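Read through the structure below, which is laid out as structure tokens, and then see the notes.
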Amino acid sequence: MIVVDDILTEVEDDLAHGDHASARRRLREALVTRPHRLDLRRRLAGVYRMLGDLPQAGRWGFLEEDAPEDEVTAFRTACGNDASLMLEALAWGEDDEGEEEDDAQVTAVAWERIAEVRRAYAAQRKSEGHHHKRERPGHPPAVPYPFTPPGGITRPTVEATPTKKPRPRELVGLGLIFVGITVMLIFLLAIAAGIFWAIRGVVENTYF
């Protein structure tokens, strides 16, 4: 079973080294089996917020009571206000999926927002005669996720994305490589010196 605290600790380590890709991957993979963990969703929304990707931030922060309105709007826009796409993107699954302990973390606001999208999806299917069309007259085509903000992704500032620093294990690895190369060079020099003195001895014994 995935230990959420360990995942969050690893994510913070990734972010401290500027590795946003690994942080996103860890969180997304964890949410596959723990879809109702709002703390994982909240942290993933925060990572996308750092990158300036409002639709993705709105996607993963959608179930939060204090989700920024501009992010939620960006998420809805990226889905073309299509309830089925929103429901798919939220990746909530069924109510009984995940671990039992996760349900206690789900707030009333989160349950209501999921229910709201489900009601909208049911109404949408009913109005369309159970034949859902993803591009309807008067509605812009939805942008397939991973979403890109309508105005493009805002490049993060230097403070938002610190320069990636070598991790301790990487420094140790580089140090061992350097030591290995140094030892190899010394060994080769010793062999060269031995060959030189052997040849010199042969020459002296032969001609002198």
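The chains in the structure tokens are called A, B, ... from first to last as shown; in each chain the residues are counted from 1, and the ligands are counted from 1 in the order shown.
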
Item to check | Contact residues around A:His20 with only C-alpha atoms at 9 Å, ignoring same-chain residues under 6 positions, as a PyMOL selection string | outcome: chain A and resi 11+14+47-48+51+161

Item to check | Polymer residues at most 10 Å from A:Tyr121, only C-alpha atoms, same-chain spacing of 3 or more positions, as a PyMOL selection string | outcome: chain A and resi 82-87+115-118+124-127+132

Just the selected residues (C-alpha atoms), exported as a CSV table (one decimal), in the first residue's frame, please.
```csv
chain,number,residue,atom,x,y,z
A,82,ASP,CA,-18.4,19.4,-20.7
A,83,ALA,CA,-19.4,17.5,-17.6
A,84,SER,CA,-18.3,14.1,-19.0
A,85,LEU,CA,-14.8,15.5,-19.7
A,86,MET,CA,-14.6,17.1,-16.3
A,87,LEU,CA,-15.7,13.9,-14.5
A,115,ALA,CA,-22.1,15.2,-6.9
A,116,GLU,CA,-22.6,18.5,-8.8
A,117,VAL,CA,-20.5,17.3,-11.8
A,118,ARG,CA,-22.3,13.9,-11.8
A,124,GLN,CA,-26.3,16.4,-20.2
A,125,ARG,CA,-26.9,12.7,-21.2
A,126,LYS,CA,-30.6,13.1,-20.7
A,127,SER,CA,-30.8,16.3,-22.8
A,132,HIS,CA,-23.1,12.4,-25.8
```

Checklist entry - What's the 12 Å shell around A:Leu27, counting only C-alpha atoms, without same-chain residues fewer than 5 positions away, as JSON, numbers by chain? => result {"A": [2, 3, 4, 5, 6, 7, 8, 9, 10, 11, 12, 14, 20, 21, 22, 32, 33, 34, 35, 37, 38, 39, 40, 41, 42, 43, 44, 45, 46, 47, 48, 60]}

Can you spit out the residues from that selection as a CSV table (one decimal), in the first residue's frame, using C-alpha atoms?
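Listing of result-v4.csv after writing:
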```csv
chain,number,residue,atom,x,y,z
A,2,ILE,CA,1.2,3.5,-0.8
A,3,VAL,CA,2.3,5.4,2.2
A,4,VAL,CA,1.0,8.9,1.6
A,5,ASP,CA,3.4,10.6,4.0
A,6,ASP,CA,6.4,9.1,2.3
A,7,ILE,CA,5.1,10.2,-1.1
A,8,LEU,CA,4.7,13.8,0.1
A,9,THR,CA,8.2,13.8,1.7
A,10,GLU,CA,9.7,12.6,-1.6
A,11,VAL,CA,7.7,15.2,-3.5
A,12,GLU,CA,9.1,18.0,-1.3
A,14,ASP,CA,11.9,16.7,-5.7
A,20,HIS,CA,8.9,19.2,-10.9
A,21,ALA,CA,8.5,16.3,-13.4
A,22,SER,CA,9.3,13.7,-10.7
A,32,VAL,CA,-4.3,6.1,-9.2
A,33,THR,CA,-4.7,3.9,-6.2
A,34,ARG,CA,-5.6,6.6,-3.7
A,35,PRO,CA,-8.0,8.8,-5.7
A,37,ARG,CA,-6.7,11.6,-1.0
A,38,LEU,CA,-7.4,15.4,-1.0
A,39,ASP,CA,-3.9,16.1,0.4
A,40,LEU,CA,-2.3,14.5,-2.7
A,41,ARG,CA,-4.7,16.4,-5.0
A,42,ARG,CA,-3.9,19.6,-3.1
A,43,ARG,CA,-0.2,19.2,-3.4
A,44,LEU,CA,-0.4,18.3,-7.1
A,45,ALA,CA,-2.5,21.4,-7.7
A,46,GLY,CA,0.2,23.4,-5.9
A,47,VAL,CA,2.9,22.0,-8.2
A,48,TYR,CA,1.0,23.0,-11.3
A,60,TRP,CA,-6.6,18.9,-9.1
```

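Minimum distance to A:Ala30 across A:Leu188, A:Trp197, A:Ala108, A:Glu99 (counting only C-alpha atoms) occurs at A:Glu99.
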
Checklist entry - Could you state the separation of atom CA of A:Pro55 and atom CA of A:Ala123 in Å, given to one decimal place? => result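 About the pair atom CA of A:Pro55 and atom CA of A:Ala123: they are 24.0 Å apart.
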
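Every protein, DNA or RNA residue with an atom at most 10 Å from A:Leu63, where only C-alpha atoms count and chain neighbours fewer than 4 positions away do not, is listed here: Leu38, Arg41, Arg42, Gly58, Arg59, Ala67, Val72, Leu90, Val106, Thr107, Ala108, Val109, Ala110, Trp111, Glu112, Arg113 and Ile114 of chain A.
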
Selection file, C-alpha atoms, as a compact mmCIF listing (two decimals), in the first residue's frame:
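Generated file (selection-v4.txt):
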```txt
# COMPACT_ATOMS: atom_id res chain seq x y z
CA LEU A 38 -7.39 15.35 -1.01
CA ARG A 41 -4.67 16.42 -4.99
CA ARG A 42 -3.94 19.65 -3.13
CA GLY A 58 -7.88 23.88 -11.23
CA ARG A 59 -8.32 20.25 -12.16
CA ALA A 67 -9.86 26.62 -4.85
CA VAL A 72 -11.46 26.45 -11.58
CA LEU A 90 -11.11 14.57 -12.02
CA VAL A 106 -13.06 13.80 2.11
CA THR A 107 -14.88 16.99 3.03
CA ALA A 108 -18.54 17.77 2.51
CA VAL A 109 -17.51 20.34 -0.09
CA ALA A 110 -15.60 17.69 -2.06
CA TRP A 111 -18.55 15.28 -1.98
CA GLU A 112 -20.91 18.02 -3.11
CA ARG A 113 -18.69 19.11 -5.99
CA ILE A 114 -18.36 15.55 -7.24
```

Checklist entry - Please, what distance in Å, to one decimal, runs between atom CA of A:Glu94 and atom CA of A:Ala122? => result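 For atom CA of A:Glu94 relative to atom CA of A:Ala122, the distance reads 15.3 Å.
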
Item to check | Shell around stretch 168-184 of chain A at 12 Å using only C-alpha atoms, local window under 6 positions removed, as a PyMOL selection string | outcome: chain A and resi 13+17+190-191

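Among the candidates A:Ile195, A:Arg24, A:Arg49, A:Arg76, the one nearest to A:Ala89 when counting only C-alpha atoms is A:Arg76.
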
Show which residues sit within 8 Å of A:His36, as a compact mmCIF listing (two decimals) with C-alpha atoms, in the first residue's frame. Count only C-alpha atoms, and ignore same-chain residues fewer than 2 positions away.
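File written: around_14.txt
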```
# COMPACT_ATOMS: atom_id res chain seq x y z
CA LEU A 31 -3.65 9.09 -7.00
CA ARG A 34 -5.63 6.64 -3.66
CA LEU A 38 -7.39 15.35 -1.01
CA TRP A 92 -12.41 10.30 -8.81
CA GLU A 97 -12.49 3.09 -4.59
CA GLY A 98 -9.21 3.52 -2.73
CA ASP A 102 -9.22 7.98 2.80
CA ASP A 103 -12.98 8.54 2.95
CA GLN A 105 -10.51 12.85 4.78
CA VAL A 106 -13.06 13.80 2.11
```
